[in-house]
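Written below as structure tokens is the structure these notes are about.
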Amino acid sequence: MKLNVNGADHEVDVDPNMPLLWVLRDELGITGPKYGCGIAQCGACTVHIDGQAVRSCQVAIGDLQGDVTTIEGLGTPDALHAVQAAWVEHQVAQCGYCQSGQIMQAAAMLELNPEPTDADIDAVMSGNLCRCGTYPRIRAAVKTAAANLKGA
Amino acid sequence: MSRVGKIARRTFLVGSAAIAGGVAFGYYMYKRPAKNPLLDDLAAGEAALTPYVMINAEGITLITPRADSGQGVYSVQAAMIAEELDVDLDQVKVDPGPPSPAYYNTALAEEAAPFRPTNEGFTAESARGMMDVLMKFLGMQVTGGSTTVPDGYEKLRIAGAVARETLKAAAAAETGVPVSQLKTERGAVILPDGTARNYVDLAAKAAEIDPVEKVVLRDPSEWRLMGKPMMRHDILAKSTGTLTYGIDAKIDGMVHAAIKLNPRQGGAMISYDDSAALALPGVQKVIPIKGGVGVIASNTWYAIQGAEAVACDWGPAPFPPEQAQHWEALASSFTAEAQDSQQRNDGDVEAALEGAQVIEAEYRAPYLAHAPLEPISAIVQVTDERVDIWTGTQIPRFVQSNVAKMTGLDADNVHVHVMMMGGSFGHRLEDEVVKQATELAIAMKGTPVKLTYSREEDMIHDFARQIAMGRGRGAVKDGKVHAFDLGIAMPSVVVSQLGRQGLNMPGPDTQIVAGAWEQPFAIPNYRVTGYRAPQLAPISSWRSVGASSNGFLHDGFLDELIHAAGADPMVERIRLCWHEPSRKVLQAVKEMSGWDGFEMGENRGRGVAFTLSFGVPVAEVVEVTNTDRGIKIDKVYVAADVGKIVDPINFDNLVKGGVIWGLGHAINCEITYTDGIVDQTNFHVYEGLRMYQSPQIEVQGLENASKIRGIGEPPVPPAAPALANAIFAATGQRLREMPFNKFIDFV
């Protein structure tokens, strides 16, 4: 099976039922997307497929259609995406394990809705669980990112 | 002027040692120094040295022995060393170092000693000194009990200062310029003419001279880093998906593994049939281990699928199988025989209740899972000569000795590589996952085996937070709380947890009454009694341990008495509180919230709660609205006093996280048993708090307390009672059992 991740083509020989998450993590060594629950309850595995935020634990590799972007493809430590820059500025992370998914979810939301209200942010981001409780900083960082993207 | 001169003589012998191409600074303790963990790598020098600073051609490395599960302690520990060493955090590497008895945790022992943290008299101080010695023997390099900052506050700064002064002496020896004319800045000694001599270049010389042992720590007013907002060293990596957690680690040639254990935790496996599993793609091998099987595969998902496909016949649970039996065991433990402690008994409770209108209530706190978002994992490689372990753990010393026993190798040949952790909350104070991975690695000798728990295995085989039951009796008089009598029954967390490490805990278990017996209230007739219930399901430390349940039991019942007295919940708590730093956190939330009574108009109300835990007084005010769709938490105000705040940003983040942790579990979470099996298997039935329920939180840190303390746990205990008290204010409904969503709807 062929797939494109962060602009690079890959070919893997696995069970077509294998979730995209495990192809990324164990077959391709792309570990930014995290395993938290396996049942689309935590959002830690969120990636973009053709720009849309998707739970990669729920996409069988055999059903994958579209190009995949992971947190590593969104931006890098030397060239941060605006959402990542806002996450750094607000020092959102505690353990940080959920933050790849939070950032991917927030980036996809801001593409569709560049000026989200507080209620929009709560509605979209509530699918992403943070056990450390960084929600107040996530809210603030999303707003900073929105402002910076608007100014860009 | 700090007390360091006295401390250095009493506790520490400061030293340095040559290492390949450089120098290591640190100190060793007491009369029989613990063995140096880095000795194998040292070329020559002081055998007993425990390094905290290492400088060689590769640069400056700060050793931060307390584990980071997300609380930011690598950065905080590094900052405490860097403050005195005169380096900036962008110039240094931070390394947790190897397991070593020399990195023992004195502050954790202090928390275990049965003296109120408000009592700093002679007896209390000397008993804590005894515990210090005890802890050294135990050699516990444990991260827990919010102790990293208090444990390192002096040790780490002294290590930095000794290194700095010795490097200055080395520069003086090389240049002939007297030390008094030398300054230090950004990792260099600065000569009077402005020339900079880098520490790295001075390292070899510093290793040759006697270390400067007498140092004076800087006054906080001179601090460059501490007390000011810091940028955590891991933030960039955690914002770009580039940080390697334990679950992300990869070792050449490794195989992946999953397990299937008896869902009745600790029960035996009678038989298994692996034929269906072995027929699945990617599955290589099924290996029986203690209490279940491990499945070896080429990919984690294949391994998990394989584990699910193994058919097993399980033995019974080694504890009562039904939840109701656990509550019955607690209910029948309020007896003289089961009494564990009664360290608070002021006035005469019985006489005060005699003839009074007695108010009685029973409170309950359920079992809970830790459920950090990163499931537990470990990579273990066993050869004839050595074992290597890569795992996120709070107890590297126990891991090392347990694996040494399992493999028959000397502990010196068991190498624990502590990995970054995606949360813990106490989960990684257990090491079953390492033992299981070691069983598999022994069977796969030479091959690194990476065992990853599925979320379901992690939830079902977590060692839960204790259940607790509180029974209160009390009376009021003249509009005041007059008598307060609280009995608390729970199984002993410490006995359960230490028992798994083969250790006994003699005497009373202070965690049974933690967060209750030591509260600084001058109630004239005031008694707190701990009752030790029989050991039931295996339990473990969960963020704030005993106080996580007892804060709710104590403050919830106190609130009932205050309302019965017709007093204002805030005013009466402040009146009763005799401990100045505690009273000030109550006064702070009073002002922050504009408190003018518990009533806030129709369908609205506010509650206050207070818990002193881990030596930290924390007061919280919660404001709620009772809407058509249920209770909405509008706002939370928190004030906490840790003596000194090392990093205000991390402090703010940890306090808010602690409040959200406390509220989320109080509202939404419980672990229950049916047929000996945990009913809650994943986040769909164990959510904690999601963003839509998460309130605005305002935080104020005070610095009136006399000792520095940690903030990871203390914000948790008052959150649940503050919410319950607010719901009572808004609705008149008194919640006495968690989770609250069993009794009232939330938006």
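The way I read the labels, and the way they are meant: chains A, B, ... in the order of the structure tokens, residue 1 as the first residue of every chain, and ligand 1 as the first ligand shown, with later ones counted on from there.
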
Which residues of chain A sit at most 7 Å from chain B, using only C-alpha atoms? Give each one's shortest atom pair and distance in Å (one decimal place), in chain and ascending residue order, as a Markdown table.
| residue | atom | partner | partner_atom | distance |
| --- | --- | --- | --- | --- |
| A:Trp22 | CA | B:Trp301 | CA | 6.3 |
| A:Asp26 | CA | B:Asn299 | CA | 5.9 |
| A:Thr31 | CA | B:Asp248 | CA | 6.0 |
| A:Gly32 | CA | B:Gly241 | CA | 4.2 |
| A:Gly36 | CA | B:Leu373 | CA | 5.4 |
| A:Cys37 | CA | B:Arg455 | CA | 5.3 |
| A:Gln41 | CA | B:Phe683 | CA | 6.1 |
| A:Ile71 | CA | B:Gly241 | CA | 5.8 |
| A:Glu72 | CA | B:Gly241 | CA | 6.1 |
| A:Gly75 | CA | B:Thr240 | CA | 6.9 |
| A:Thr76 | CA | B:Thr240 | CA | 6.1 |
| A:Pro77 | CA | B:Thr240 | CA | 6.3 |
| A:Gln84 | CA | B:Ser239 | CA | 5.6 |
| A:Trp87 | CA | B:Ser239 | CA | 6.2 |
| A:Val88 | CA | B:Ile235 | CA | 6.1 |
| A:Gln91 | CA | B:Ile235 | CA | 6.3 |
| A:Ala93 | CA | B:Ile235 | CA | 6.5 |
| A:Gln94 | CA | B:Gly70 | CA | 4.5 |
| A:Cys95 | CA | B:Gly70 | CA | 3.3 |
| A:Gly96 | CA | B:Lys238 | CA | 5.3 |
| A:Tyr97 | CA | B:Gly422 | CA | 4.9 |
| A:Gln99 | CA | B:Ser239 | CA | 6.6 |
| A:Ser100 | CA | B:Gly241 | CA | 5.7 |
| A:Asp122 | CA | B:Tyr692 | CA | 5.1 |
| A:Ala123 | CA | B:Tyr692 | CA | 6.8 |
| A:Met125 | CA | B:Met691 | CA | 6.8 |
| A:Ser126 | CA | B:Met691 | CA | 4.9 |
| A:Leu129 | CA | B:Arg690 | CA | 6.0 |
| A:Arg131 | CA | B:Pro372 | CA | 6.4 |
| A:Cys132 | CA | B:Gly657 | CA | 5.4 |
| A:Gly133 | CA | B:Gly657 | CA | 4.2 |
| A:Thr134 | CA | B:Gly657 | CA | 6.0 |
| A:Tyr135 | CA | B:Met691 | CA | 5.9 |
| A:Pro136 | CA | B:Gln696 | CA | 7.0 |

Residue subset to file, keeping N, CA and C atoms, as a JSON list (two decimals), in the first residue's frame:
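Output below, filename again-v9.json:
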[["chain", "number", "residue", "atom", "x", "y", "z"],
["A", 22, "TRP", "N", -0.83, 3.28, 13.56],
["A", 22, "TRP", "CA", 0.24, 2.30, 13.82],
["A", 22, "TRP", "C", 1.16, 2.14, 12.62],
["A", 26, "ASP", "N", 4.84, 2.71, 13.99],
["A", 26, "ASP", "CA", 5.71, 1.53, 14.06],
["A", 26, "ASP", "C", 6.32, 1.16, 12.72],
["A", 31, "THR", "N", 6.51, 9.47, 15.10],
["A", 31, "THR", "CA", 5.90, 9.25, 16.42],
["A", 31, "THR", "C", 5.24, 10.50, 17.01],
["A", 32, "GLY", "N", 5.13, 11.57, 16.22],
["A", 32, "GLY", "CA", 4.39, 12.74, 16.71],
["A", 32, "GLY", "C", 2.94, 12.42, 17.03],
["A", 36, "GLY", "N", -3.43, 7.04, 22.54],
["A", 36, "GLY", "CA", -3.95, 7.28, 23.89],
["A", 36, "GLY", "C", -5.10, 6.36, 24.25],
["A", 37, "CYS", "N", -5.98, 6.06, 23.28],
["A", 37, "CYS", "CA", -7.17, 5.27, 23.62],
["A", 37, "CYS", "C", -7.51, 4.24, 22.57],
["A", 41, "GLN", "N", -11.54, 8.58, 21.42],
["A", 41, "GLN", "CA", -12.04, 9.30, 22.59],
["A", 41, "GLN", "C", -11.08, 10.36, 23.11],
["A", 71, "ILE", "N", 2.03, 16.18, 12.85],
["A", 71, "ILE", "CA", 2.59, 17.35, 13.55],
["A", 71, "ILE", "C", 3.98, 17.69, 13.02],
["A", 72, "GLU", "N", 4.73, 16.65, 12.63],
["A", 72, "GLU", "CA", 6.08, 16.90, 12.11],
["A", 72, "GLU", "C", 6.05, 17.65, 10.78],
["A", 75, "GLY", "N", 4.92, 21.94, 11.09],
["A", 75, "GLY", "CA", 5.99, 22.90, 11.30],
["A", 75, "GLY", "C", 7.10, 22.21, 12.03],
["A", 76, "THR", "N", 8.28, 22.80, 12.06],
["A", 76, "THR", "CA", 9.43, 22.17, 12.72],
["A", 76, "THR", "C", 9.96, 23.14, 13.78],
["A", 77, "PRO", "N", 10.83, 22.65, 14.66],
["A", 77, "PRO", "CA", 11.39, 23.55, 15.68],
["A", 77, "PRO", "C", 12.03, 24.80, 15.07],
["A", 84, "GLN", "N", 1.78, 26.30, 16.51],
["A", 84, "GLN", "CA", 2.88, 25.81, 17.36],
["A", 84, "GLN", "C", 3.57, 26.98, 18.08],
["A", 87, "TRP", "N", 1.60, 27.92, 20.93],
["A", 87, "TRP", "CA", 1.73, 26.91, 22.00],
["A", 87, "TRP", "C", 3.03, 27.13, 22.80],
["A", 88, "VAL", "N", 4.09, 27.52, 22.09],
["A", 88, "VAL", "CA", 5.36, 27.80, 22.76],
["A", 88, "VAL", "C", 5.24, 29.08, 23.60],
["A", 91, "GLN", "N", 3.42, 28.49, 26.65],
["A", 91, "GLN", "CA", 3.91, 27.33, 27.41],
["A", 91, "GLN", "C", 2.75, 26.43, 27.82],
["A", 93, "ALA", "N", 2.14, 23.19, 27.28],
["A", 93, "ALA", "CA", 2.34, 21.78, 27.63],
["A", 93, "ALA", "C", 2.71, 21.58, 29.10],
["A", 94, "GLN", "N", 2.16, 20.52, 29.68],
["A", 94, "GLN", "CA", 2.71, 19.98, 30.92],
["A", 94, "GLN", "C", 3.43, 18.68, 30.52],
["A", 95, "CYS", "N", 2.69, 17.55, 30.55],
["A", 95, "CYS", "CA", 3.37, 16.34, 30.04],
["A", 95, "CYS", "C", 3.53, 16.41, 28.54],
["A", 96, "GLY", "N", 2.62, 17.09, 27.86],
["A", 96, "GLY", "CA", 2.76, 17.34, 26.43],
["A", 96, "GLY", "C", 2.27, 16.22, 25.53],
["A", 97, "TYR", "N", 1.83, 15.12, 26.11],
["A", 97, "TYR", "CA", 1.52, 13.94, 25.30],
["A", 97, "TYR", "C", 0.31, 14.17, 24.40],
["A", 99, "GLN", "N", -0.53, 17.09, 23.21],
["A", 99, "GLN", "CA", -0.46, 18.39, 22.52],
["A", 99, "GLN", "C", -0.29, 18.25, 21.01],
["A", 100, "SER", "N", 0.33, 17.18, 20.51],
["A", 100, "SER", "CA", 0.37, 17.00, 19.05],
["A", 100, "SER", "C", -1.04, 17.01, 18.50],
["A", 122, "ASP", "N", -14.46, 25.76, 22.43],
["A", 122, "ASP", "CA", -14.84, 24.69, 23.36],
["A", 122, "ASP", "C", -15.46, 23.52, 22.60],
["A", 123, "ALA", "N", -16.32, 23.83, 21.61],
["A", 123, "ALA", "CA", -17.03, 22.76, 20.90],
["A", 123, "ALA", "C", -16.05, 21.90, 20.10],
["A", 125, "MET", "N", -12.64, 21.74, 20.36],
["A", 125, "MET", "CA", -11.49, 21.19, 21.08],
["A", 125, "MET", "C", -11.89, 20.20, 22.17],
["A", 126, "SER", "N", -13.17, 20.05, 22.46],
["A", 126, "SER", "CA", -13.57, 19.15, 23.55],
["A", 126, "SER", "C", -13.39, 17.68, 23.21],
["A", 129, "LEU", "N", -8.69, 15.18, 24.68],
["A", 129, "LEU", "CA", -8.56, 15.08, 26.13],
["A", 129, "LEU", "C", -7.16, 15.51, 26.57],
["A", 131, "ARG", "N", -5.17, 15.18, 30.14],
["A", 131, "ARG", "CA", -5.27, 14.72, 31.53],
["A", 131, "ARG", "C", -4.58, 15.69, 32.48],
["A", 132, "CYS", "N", -3.60, 16.46, 32.01],
["A", 132, "CYS", "CA", -2.92, 17.43, 32.88],
["A", 132, "CYS", "C", -3.77, 18.66, 33.14],
["A", 133, "GLY", "N", -4.79, 18.89, 32.31],
["A", 133, "GLY", "CA", -5.65, 20.06, 32.52],
["A", 133, "GLY", "C", -5.06, 21.36, 32.01],
["A", 134, "THR", "N", -4.55, 21.35, 30.79],
["A", 134, "THR", "CA", -3.97, 22.59, 30.24],
["A", 134, "THR", "C", -5.00, 23.41, 29.46],
["A", 135, "TYR", "N", -6.28, 23.10, 29.63],
["A", 135, "TYR", "CA", -7.31, 23.77, 28.82],
["A", 135, "TYR", "C", -7.25, 25.30, 28.86],
["A", 136, "PRO", "N", -7.04, 25.94, 30.03],
["A", 136, "PRO", "CA", -7.00, 27.41, 30.00],
["A", 136, "PRO", "C", -5.91, 27.95, 29.06]]

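Residues in contact with segment 107-109 of chain A at up to 10 Å, not including ones fewer than 4 positions away on its chain and judged by only C-alpha atoms, are Val47, His48, Gly51, Gln52, Ala53, Val54, Leu74, His81, Ala82, Val83, Gln84, Gly101, Gln102, Ile103, Asn113, Pro114, Glu115, Pro116, Asp120, Ile121, Val124, Met125, Val142, Ala145 and Ala146 of chain A.
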
Please produce a file of those selected residues containing C-alpha atoms, as a PDB file, in the first residue's frame.
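Result went into result_16.pdb, see below:
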ATOM      1  CA  VAL A  47      -3.498  14.094  11.884  1.00  0.00           C
ATOM      2  CA  HIS A  48      -4.685  15.932   8.788  1.00  0.00           C
ATOM      3  CA  GLY A  51      -6.288  19.279   5.473  1.00  0.00           C
ATOM      4  CA  GLN A  52      -9.028  17.783   7.619  1.00  0.00           C
ATOM      5  CA  ALA A  53      -8.451  16.767  11.222  1.00  0.00           C
ATOM      6  CA  VAL A  54      -8.891  13.012  11.524  1.00  0.00           C
ATOM      7  CA  LEU A  74       2.857  21.101  10.190  1.00  0.00           C
ATOM      8  CA  HIS A  81       3.504  26.882  12.316  1.00  0.00           C
ATOM      9  CA  ALA A  82       1.572  29.808  13.867  1.00  0.00           C
ATOM     10  CA  VAL A  83      -0.338  27.408  16.119  1.00  0.00           C
ATOM     11  CA  GLN A  84       2.882  25.815  17.364  1.00  0.00           C
ATOM     12  CA  GLY A 101      -3.299  16.178  18.684  1.00  0.00           C
ATOM     13  CA  GLN A 102      -4.469  19.451  20.242  1.00  0.00           C
ATOM     14  CA  ILE A 103      -2.272  21.447  17.860  1.00  0.00           C
ATOM     15  CA  ASN A 113     -12.901  29.165  11.004  1.00  0.00           C
ATOM     16  CA  PRO A 114     -10.230  31.859  11.317  1.00  0.00           C
ATOM     17  CA  GLU A 115     -12.090  33.758  14.042  1.00  0.00           C
ATOM     18  CA  PRO A 116     -13.545  31.172  16.413  1.00  0.00           C
ATOM     19  CA  ASP A 120     -16.522  27.433  18.903  1.00  0.00           C
ATOM     20  CA  ILE A 121     -13.202  26.667  20.558  1.00  0.00           C
ATOM     21  CA  VAL A 124     -14.233  21.799  18.513  1.00  0.00           C
ATOM     22  CA  MET A 125     -11.489  21.195  21.077  1.00  0.00           C
ATOM     23  CA  VAL A 142      -5.784  29.250  20.039  1.00  0.00           C
ATOM     24  CA  ALA A 145      -2.721  31.798  16.880  1.00  0.00           C
ATOM     25  CA  ALA A 146      -5.940  33.110  15.325  1.00  0.00           C
TER      26      ALA A 146
END

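We find atom CA of Leu451 of chain B and atom CA of Gly292 of chain B to be spaced 13.7 Å apart.
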
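Checking B:Arg473, B:Thr407, B:Glu599, B:Arg344 one by one against Trp517 of chain B, counting only C-alpha atoms, you find the shortest gap at B:Arg344.
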
*Do a neighbour search on segment 84-88 of chain B at 7 Å with only C-alpha atoms, toss out local chain neighbours closer than 5 positions, and write the hits as a PyMOL selection string.*
chain B and resi 157+160-161+163-164+184-187

Convert the current residue selection to file output with C-alpha atoms, as a PDB file, in the first residue's frame.
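The file below, selection35.pdb, is the result:
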ATOM      1  CA  ARG B 157      21.925  25.287  44.674  1.00  0.00           C
ATOM      2  CA  GLY B 160      25.941  24.826  41.630  1.00  0.00           C
ATOM      3  CA  ALA B 161      27.741  27.185  44.015  1.00  0.00           C
ATOM      4  CA  ALA B 163      31.091  24.154  41.087  1.00  0.00           C
ATOM      5  CA  ARG B 164      31.189  27.892  40.417  1.00  0.00           C
ATOM      6  CA  THR B 184      31.175  34.426  36.578  1.00  0.00           C
ATOM      7  CA  GLU B 185      28.633  34.821  33.842  1.00  0.00           C
ATOM      8  CA  ARG B 186      27.009  32.582  31.211  1.00  0.00           C
ATOM      9  CA  GLY B 187      29.247  29.590  31.740  1.00  0.00           C
TER      10      GLY B 187
END

*asked:* Measuring between only C-alpha atoms, which one of B:Asp410, B:Asp509, B:Asp252, B:Asp628 shows the shortest distance to Val387 of chain B?
replied: B:Asp410
